[in-house]
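Source file: start-v8.pdb (PDB, C-alpha atoms)
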```
ATOM      1  CA  SER A 167       7.023 -10.573  15.552
ATOM      2  CA  ILE A 168       4.273  -9.749  18.058
ATOM      3  CA  ALA A 169       1.620 -11.068  15.676
ATOM      4  CA  SER A 170       3.306 -14.458  15.429
ATOM      5  CA  ARG A 171       2.843 -14.928  19.185
ATOM      6  CA  GLU A 172      -0.848 -14.037  19.164
ATOM      7  CA  PRO A 173      -3.652 -16.557  18.546
ATOM      8  CA  LEU A 174      -4.572 -16.995  14.891
ATOM      9  CA  PRO A 175      -7.565 -14.746  14.033
ATOM     10  CA  PRO A 176     -10.819 -16.576  13.216
ATOM     11  CA  PRO A 177     -11.456 -17.375   9.544
ATOM     12  CA  LEU A 178     -13.217 -14.690   7.540
ATOM     13  CA  PRO A 179     -16.977 -15.267   7.189
ATOM     14  CA  GLU A 180     -18.150 -16.662   3.879
ATOM     15  CA  PRO A 181     -19.812 -13.829   1.890
ATOM     16  CA  LYS A 182     -23.553 -14.300   1.422
ATOM     17  CA  TYR A 183     -23.423 -13.008  -2.168
ATOM     18  CA  SER A 184     -20.914 -12.094  -4.837
ATOM     19  CA  PHE A 185     -20.202  -8.832  -6.634
ATOM     20  CA  HIS A 186     -18.219  -7.660  -9.652
ATOM     21  CA  LYS A 187     -16.080  -4.544  -9.164
ATOM     22  CA  ARG A 188     -17.211  -1.498  -7.233
ATOM     23  CA  VAL A 189     -18.457   1.919  -8.210
ATOM     24  CA  MET A 190     -15.649   4.453  -7.992
ATOM     25  CA  PRO A 191     -16.383   7.214  -5.454
ATOM     26  CA  PRO A 192     -17.199  10.546  -7.138
ATOM     27  CA  ASN A 193     -14.195  12.256  -5.515
ATOM     28  CA  LEU A 194     -11.768   9.962  -7.418
ATOM     29  CA  THR A 195     -10.745  10.124 -11.089
ATOM     30  CA  ALA A 196     -10.196   6.981 -13.169
ATOM     31  CA  VAL A 197      -6.792   7.135 -14.867
ATOM     32  CA  SER A 198      -8.360   5.762 -18.072
ATOM     33  CA  SER A 199     -10.987   8.530 -18.208
ATOM     34  CA  PRO A 200     -10.451  11.666 -20.335
ATOM     35  CA  SER A 201      -9.766  13.689 -17.178
ATOM     36  CA  GLY A 202      -7.400  11.016 -15.862
ATOM     37  CA  LYS A 203      -5.464  10.897 -19.119
ATOM     38  CA  ARG A 204      -5.167  14.684 -19.137
ATOM     39  CA  MET A 205      -3.916  14.737 -15.544
ATOM     40  CA  PHE A 206      -1.399  11.985 -16.292
ATOM     41  CA  LEU A 207      -0.099  13.853 -19.344
ATOM     42  CA  GLU A 208       0.306  17.034 -17.304
ATOM     43  CA  ALA A 209       2.223  15.124 -14.628
ATOM     44  CA  LEU A 210       4.407  13.448 -17.243
ATOM     45  CA  GLN A 211       5.224  16.701 -19.018
ATOM     46  CA  GLY A 212       5.953  18.383 -15.687
ATOM     47  CA  GLY A 213       8.397  15.674 -14.609
ATOM     48  CA  ASN A 214       6.047  14.481 -11.870
ATOM     49  CA  ALA A 215       5.458  10.931 -13.139
ATOM     50  CA  GLU A 216       8.979   9.501 -13.087
ATOM     51  CA  CYS A 217       7.959   6.947 -10.444
ATOM     52  CA  TYR A 218       5.123   5.613 -12.604
ATOM     53  CA  PHE A 219       7.198   3.664 -15.100
ATOM     54  CA  PRO A 220       9.376   1.502 -12.816
ATOM     55  CA  LEU A 221       6.282   0.661 -10.758
ATOM     56  CA  ALA A 222       4.024   0.018 -13.771
ATOM     57  CA  GLU A 223       6.650  -2.342 -15.201
ATOM     58  CA  GLN A 224       6.324  -4.441 -12.047
ATOM     59  CA  PHE A 225       2.568  -4.172 -11.517
ATOM     60  CA  MET A 226       0.883  -7.237 -10.045
ATOM     61  CA  ASN A 227      -2.590  -7.910  -8.720
ATOM     62  CA  GLN A 228      -2.823  -9.107  -5.139
ATOM     63  CA  SER A 229      -3.709 -12.788  -4.912
ATOM     64  CA  ASP A 230      -5.948 -12.284  -1.871
ATOM     65  CA  PRO A 231      -8.088  -9.352  -0.677
ATOM     66  CA  ALA A 232      -5.957  -8.965   2.479
ATOM     67  CA  PHE A 233      -2.609  -9.121   0.644
ATOM     68  CA  CYS A 234      -2.538  -5.451  -0.379
ATOM     69  CA  GLY A 235       0.439  -4.665   1.870
ATOM     70  CA  VAL A 236       2.487  -7.704   0.843
ATOM     71  CA  THR A 237       1.781  -7.187  -2.876
ATOM     72  CA  THR A 238       2.720  -3.513  -2.589
ATOM     73  CA  LEU A 239       6.015  -4.554  -1.055
ATOM     74  CA  CYS A 240       6.647  -7.045  -3.895
ATOM     75  CA  MET A 241       6.088  -4.323  -6.501
ATOM     76  CA  VAL A 242       8.432  -1.887  -4.777
ATOM     77  CA  LEU A 243      11.164  -4.481  -4.257
ATOM     78  CA  ASN A 244      11.024  -5.473  -7.935
ATOM     79  CA  ALA A 245      11.009  -1.824  -9.014
ATOM     80  CA  MET A 246      14.183  -1.327  -6.958
ATOM     81  CA  SER A 247      15.757  -4.476  -8.473
ATOM     82  CA  VAL A 248      16.183  -6.132  -5.077
ATOM     83  CA  ASP A 249      17.412  -9.719  -5.401
ATOM     84  CA  PRO A 250      15.329 -11.983  -3.094
ATOM     85  CA  GLY A 251      18.135 -14.519  -2.978
ATOM     86  CA  VAL A 252      15.692 -17.429  -3.460
ATOM     87  CA  ARG A 253      14.147 -19.018  -6.522
ATOM     88  CA  TRP A 254      10.624 -18.119  -7.529
ATOM     89  CA  ARG A 255      10.097 -20.355 -10.612
ATOM     90  CA  GLY A 256      12.704 -22.364 -12.479
ATOM     91  CA  GLY A 257      15.968 -20.474 -12.224
ATOM     92  CA  TRP A 258      14.341 -17.065 -11.672
ATOM     93  CA  ARG A 259      15.062 -15.183  -8.445
ATOM     94  CA  TRP A 260      12.171 -12.741  -8.406
ATOM     95  CA  TYR A 261       9.303 -11.462  -6.253
ATOM     96  CA  GLY A 262       6.818 -13.193  -8.541
ATOM     97  CA  ASP A 263       4.129 -13.510  -5.894
ATOM     98  CA  ASP A 264       3.437 -12.904  -2.212
ATOM     99  CA  SER A 265       4.870 -16.249  -1.122
ATOM    100  CA  VAL A 266       8.430 -15.127  -1.955
ATOM    101  CA  VAL A 267       8.205 -12.387   0.701
ATOM    102  CA  LEU A 268       6.460 -14.551   3.287
ATOM    103  CA  ALA A 269       8.448 -17.772   2.735
ATOM    104  CA  ASN A 270      11.410 -16.904   4.956
ATOM    105  CA  CYS A 271       9.768 -14.489   7.390
ATOM    106  CA  CYS A 272       8.031 -14.905  10.728
ATOM    107  CA  LEU A 273       4.533 -14.027   9.473
ATOM    108  CA  ASP A 274       2.279 -16.964   8.681
ATOM    109  CA  MET A 275       0.548 -16.707   5.303
ATOM    110  CA  GLU A 276      -2.800 -17.808   6.729
ATOM    111  CA  ARG A 277      -2.601 -15.085   9.382
ATOM    112  CA  VAL A 278      -1.951 -12.477   6.668
ATOM    113  CA  ARG A 279      -4.833 -13.885   4.611
ATOM    114  CA  ARG A 280      -7.198 -13.418   7.533
ATOM    115  CA  ALA A 281      -5.986 -10.121   8.989
ATOM    116  CA  GLY A 282      -3.616  -8.431   6.511
ATOM    117  CA  ILE A 283      -0.511  -6.695   7.849
ATOM    118  CA  CYS A 284       0.028  -3.481   9.789
ATOM    119  CA  VAL A 285       2.660  -0.807   9.158
ATOM    120  CA  GLU A 286       5.114  -2.358  11.615
ATOM    121  CA  GLU A 287       4.844  -5.737   9.892
ATOM    122  CA  PHE A 288       5.277  -4.102   6.477
ATOM    123  CA  VAL A 289       8.474  -2.477   7.739
ATOM    124  CA  SER A 290       9.705  -5.753   9.233
ATOM    125  CA  LEU A 291       9.027  -7.719   6.031
ATOM    126  CA  GLY A 292      10.784  -5.110   3.898
ATOM    127  CA  ARG A 293      13.826  -4.977   6.141
ATOM    128  CA  CYS A 294      14.030  -8.780   6.059
ATOM    129  CA  GLN A 295      14.427  -8.434   2.276
ATOM    130  CA  GLY A 296      17.261  -5.917   2.667
ATOM    131  CA  ALA A 297      15.245  -2.760   1.976
ATOM    132  CA  ARG A 298      15.822   0.434   3.960
ATOM    133  CA  ILE A 299      12.414   1.571   5.209
ATOM    134  CA  VAL A 300      11.635   4.672   7.260
ATOM    135  CA  PRO A 301       8.190   4.389   8.913
ATOM    136  CA  LYS A 302       6.395   7.707   9.263
ATOM    137  CA  ARG A 303       3.134   8.352  11.066
ATOM    138  CA  PRO A 304       0.992  11.477  11.007
ATOM    139  CA  VAL A 305       1.097  14.031  13.794
ATOM    140  CA  ALA A 306      -1.998  13.910  15.979
ATOM    141  CA  ALA A 307      -3.856  17.190  16.230
ATOM    142  CA  ASP A 308      -2.893  17.614  19.878
ATOM    143  CA  ASN A 309       0.814  17.084  19.059
ATOM    144  CA  VAL A 310       1.121  19.979  16.623
ATOM    145  CA  ASP A 311       2.320  23.202  18.204
ATOM    146  CA  ALA A 312       2.868  26.556  16.622
ATOM    147  CA  THR A 313       6.088  28.192  17.761
ATOM    148  CA  GLU A 314       6.106  31.905  18.455
ATOM    149  CA  GLY A 315       8.993  34.103  17.404
ATOM    150  CA  ALA A 316      10.373  37.192  19.114
ATOM    151  CA  ASP A 317       8.027  39.404  17.094
ATOM    152  CA  GLY A 318       4.991  37.404  18.164
ATOM    153  CA  ALA A 319       4.479  35.785  14.762
ATOM    154  CA  LYS A 320       3.541  32.145  14.592
ATOM    155  CA  GLY A 321       6.269  29.921  13.203
ATOM    156  CA  PRO A 322       6.183  26.480  11.567
ATOM    157  CA  ALA A 323       4.539  23.575  13.317
ATOM    158  CA  THR A 324       6.761  21.323  15.393
ATOM    159  CA  THR A 325       6.378  17.530  15.463
ATOM    160  CA  THR A 326       7.044  14.792  17.948
ATOM    161  CA  GLU A 327       9.784  12.297  17.116
ATOM    162  CA  GLY A 328       8.741   9.816  14.414
ATOM    163  CA  ARG A 329       5.663  11.861  13.530
ATOM    164  CA  TYR A 330       5.276  13.960  10.411
ATOM    165  CA  THR A 331       2.979  16.740   9.293
ATOM    166  CA  LEU A 332       0.810  16.725   6.171
ATOM    167  CA  ASP A 333       3.190  19.195   4.512
ATOM    168  CA  GLN A 334       6.134  16.877   5.200
ATOM    169  CA  PHE A 335       4.203  13.969   3.667
ATOM    170  CA  ARG A 336       3.501  16.061   0.573
ATOM    171  CA  ASP A 337       7.183  16.974   0.336
ATOM    172  CA  ASP A 338       8.079  13.264   0.420
ATOM    173  CA  VAL A 339       5.572  12.518  -2.353
ATOM    174  CA  ARG A 340       6.828  15.399  -4.516
ATOM    175  CA  PHE A 341      10.403  14.189  -4.183
ATOM    176  CA  MET A 342       9.499  10.560  -4.861
ATOM    177  CA  VAL A 343       7.451  11.150  -8.013
ATOM    178  CA  ARG A 344      10.355  13.087  -9.538
ATOM    179  CA  ASN A 345      13.323  11.099  -8.193
ATOM    180  CA  PRO A 346      12.590   7.385  -7.749
ATOM    181  CA  PRO A 347      13.762   5.510  -5.824
ATOM    182  CA  PRO A 348      12.801   5.986  -2.973
ATOM    183  CA  TYR A 349       9.101   5.099  -3.039
ATOM    184  CA  VAL A 350       6.256   6.019  -0.703
ATOM    185  CA  ALA A 351       3.798   3.338   0.437
ATOM    186  CA  GLU A 352       0.818   4.432   2.504
ATOM    187  CA  GLU A 353      -1.614   2.444   4.626
ATOM    188  CA  GLU A 354      -5.369   2.802   4.409
ATOM    189  CA  ASP A 355      -7.534   2.477   7.486
ATOM    190  CA  HIS A 356      -9.741  -0.503   6.561
ATOM    191  CA  PRO A 357     -12.798  -1.395   8.634
ATOM    192  CA  PRO A 358     -12.153  -4.662  10.524
ATOM    193  CA  ASP A 359     -14.601  -6.685   8.389
ATOM    194  CA  GLU A 360     -13.961  -5.135   4.975
ATOM    195  CA  TYR A 361     -12.030  -8.099   3.599
ATOM    196  CA  GLY A 362     -14.941 -10.462   4.132
ATOM    197  CA  ASP A 363     -17.967  -8.161   3.849
ATOM    198  CA  PRO A 364     -18.843  -7.031   0.302
ATOM    199  CA  PRO A 365     -21.048  -3.999  -0.402
ATOM    200  CA  PRO A 366     -24.864  -4.345  -0.374
ATOM    201  CA  PRO A 367     -26.324  -6.542  -3.134
ATOM    202  CA  PRO A 368     -27.668  -4.872  -6.309
ATOM    203  CA  PRO A 369     -31.383  -4.061  -6.611
ATOM    204  CA  PRO A 370     -33.670  -6.904  -7.772
ATOM    205  CA  GLY A 371     -33.257  -7.664 -11.445
ATOM    206  CA  ARG A 372     -29.688  -6.361 -11.651
ATOM    207  CA  GLY A 373     -26.401  -8.131 -11.207
ATOM    208  CA  ARG A 374     -25.717 -11.840 -11.112
ATOM    209  CA  PRO A 375     -26.597 -14.507  -8.547
ATOM    210  CA  PRO A 376     -23.922 -15.691  -6.110
TER     211      PRO A 376
END
```
What does this structure look like when you write it as structure tokens?
Amino acid sequence: SIASREPLPPPLPEPKYSFHKRVMPPNLTAVSSPSGKRMFLEALQGGNAECYFPLAEQFMNQSDPAFCGVTTLCMVLNAMSVDPGVRWRGGWRWYGDDSVVLANCCLDMERVRRAGICVEEFVSLGRCQGARIVPKRPVAADNVDATEGADGAKGPATTTEGRYTLDQFRDDVRFMVRNPPPYVAEEEDHPPDEYGDPPPPPPPGRGRPP
């Protein structure tokens, strides 16, 4: 791994204050809200929630703020009934926590705790566990071309190798939610300091002290 040859990132700064949860952005819908329940029921009745159950059966919270990628991988591997080949607790061979994935791989747990993992490392970790993973990245705006047919009409967009359009991503999601496995895992673009920098403190008189 390239990361294993790089210097260990500095420790995350100690937060100056604590916080409990975060306010959900207005453009998102809580699944437990009336609207969320209605949307879930519509998806279930339409056959578009088949992936929910095998993943929900294996749900686990990440043990560290930067372990989102590793914990996601654990959930997917358990949902696919992948045998880790090593004991977790007692006689159980199971992805019971992040350490089972990281124990026999070239990524140091402290490095992951400080910096998380990138897409390439997610792919490498999954393949080390025997999973077949196809990494897909979005097409940059300057790499999307419209082809022109003999009649002058614009045809479908073309992509560079290993790059996929938004429509192709949506097709993958539609197939996955109805026919799991496979599963789709996507990476969010976190700011560099998000794992160690909480949101602004509450106004005076609200919230709890550190």
Using the chain letters and numbering of this document, enumerate as an mmCIF file with C-alpha atoms, in the frame of the given file the residues selected by the PyMOL selection byres ((chain A and resi 209-216) around 7).
```cif
data_model
loop_
_atom_site.group_PDB
_atom_site.id
_atom_site.type_symbol
_atom_site.label_atom_id
_atom_site.label_comp_id
_atom_site.auth_asym_id
_atom_site.auth_seq_id
_atom_site.Cartn_x
_atom_site.Cartn_y
_atom_site.Cartn_z
ATOM 1 C CA MET A 205 -3.916 14.737 -15.544
ATOM 2 C CA PHE A 206 -1.399 11.985 -16.292
ATOM 3 C CA LEU A 207 -0.099 13.853 -19.344
ATOM 4 C CA GLU A 208 0.306 17.034 -17.304
ATOM 5 C CA CYS A 217 7.959 6.947 -10.444
ATOM 6 C CA TYR A 218 5.123 5.613 -12.604
ATOM 7 C CA PHE A 219 7.198 3.664 -15.100
ATOM 8 C CA VAL A 343 7.451 11.150 -8.013
ATOM 9 C CA ARG A 344 10.355 13.087 -9.538
ATOM 10 C CA ASN A 345 13.323 11.099 -8.193
ATOM 11 C CA PRO A 346 12.590 7.385 -7.749
#
```
Go through range 193-275 of chain A residue by residue and, counting only C-alpha atoms, keep those with an atom at most 12 Å from range 292-308 of chain A; for each kept residue give the shortest atom pair and its distance in Å to one decimal, ordered by chain and increasing number, as CSV.
```
residue,atom,partner,partner_atom,distance
A:Gly235,CA,A:Gly292,CA,10.6
A:Val236,CA,A:Gly292,CA,9.2
A:Thr237,CA,A:Gly292,CA,11.5
A:Thr238,CA,A:Gly292,CA,10.5
A:Leu239,CA,A:Gly292,CA,6.9
A:Cys240,CA,A:Gly292,CA,9.0
A:Met241,CA,A:Gly292,CA,11.4
A:Val242,CA,A:Gly292,CA,9.5
A:Leu243,CA,A:Ala297,CA,7.6
A:Asn244,CA,A:Ala297,CA,11.1
A:Ala245,CA,A:Ala297,CA,11.8
A:Met246,CA,A:Ala297,CA,9.1
A:Ser247,CA,A:Ala297,CA,10.6
A:Val248,CA,A:Gly296,CA,7.8
A:Asp249,CA,A:Gln295,CA,8.3
A:Pro250,CA,A:Gln295,CA,6.5
A:Gly251,CA,A:Gln295,CA,8.9
A:Val252,CA,A:Gln295,CA,10.7
A:Trp260,CA,A:Gln295,CA,11.7
A:Tyr261,CA,A:Gln295,CA,10.4
A:Val266,CA,A:Gln295,CA,9.9
A:Val267,CA,A:Gln295,CA,7.5
A:Leu268,CA,A:Cys294,CA,9.9
A:Ala269,CA,A:Cys294,CA,11.1
A:Asn270,CA,A:Cys294,CA,8.6
A:Cys271,CA,A:Cys294,CA,7.2
A:Cys272,CA,A:Cys294,CA,9.8
A:Leu273,CA,A:Cys294,CA,11.4
```
(message) For a test of reading the model, state the distance in Å between CA of Ala196 in chain A and CA of Leu221 in chain A, rounded to one decimal.
(response) 17.8 Å
(request) Using CA of Ile283 in chain A and CA of Cys234 in chain A as the two end points, give the distance in Å to one decimal. (result) 8.6 Å
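CA of Gly202 in chain A to CA of Arg340 in chain A spans 18.7 Å [interatomic distance, one decimal].
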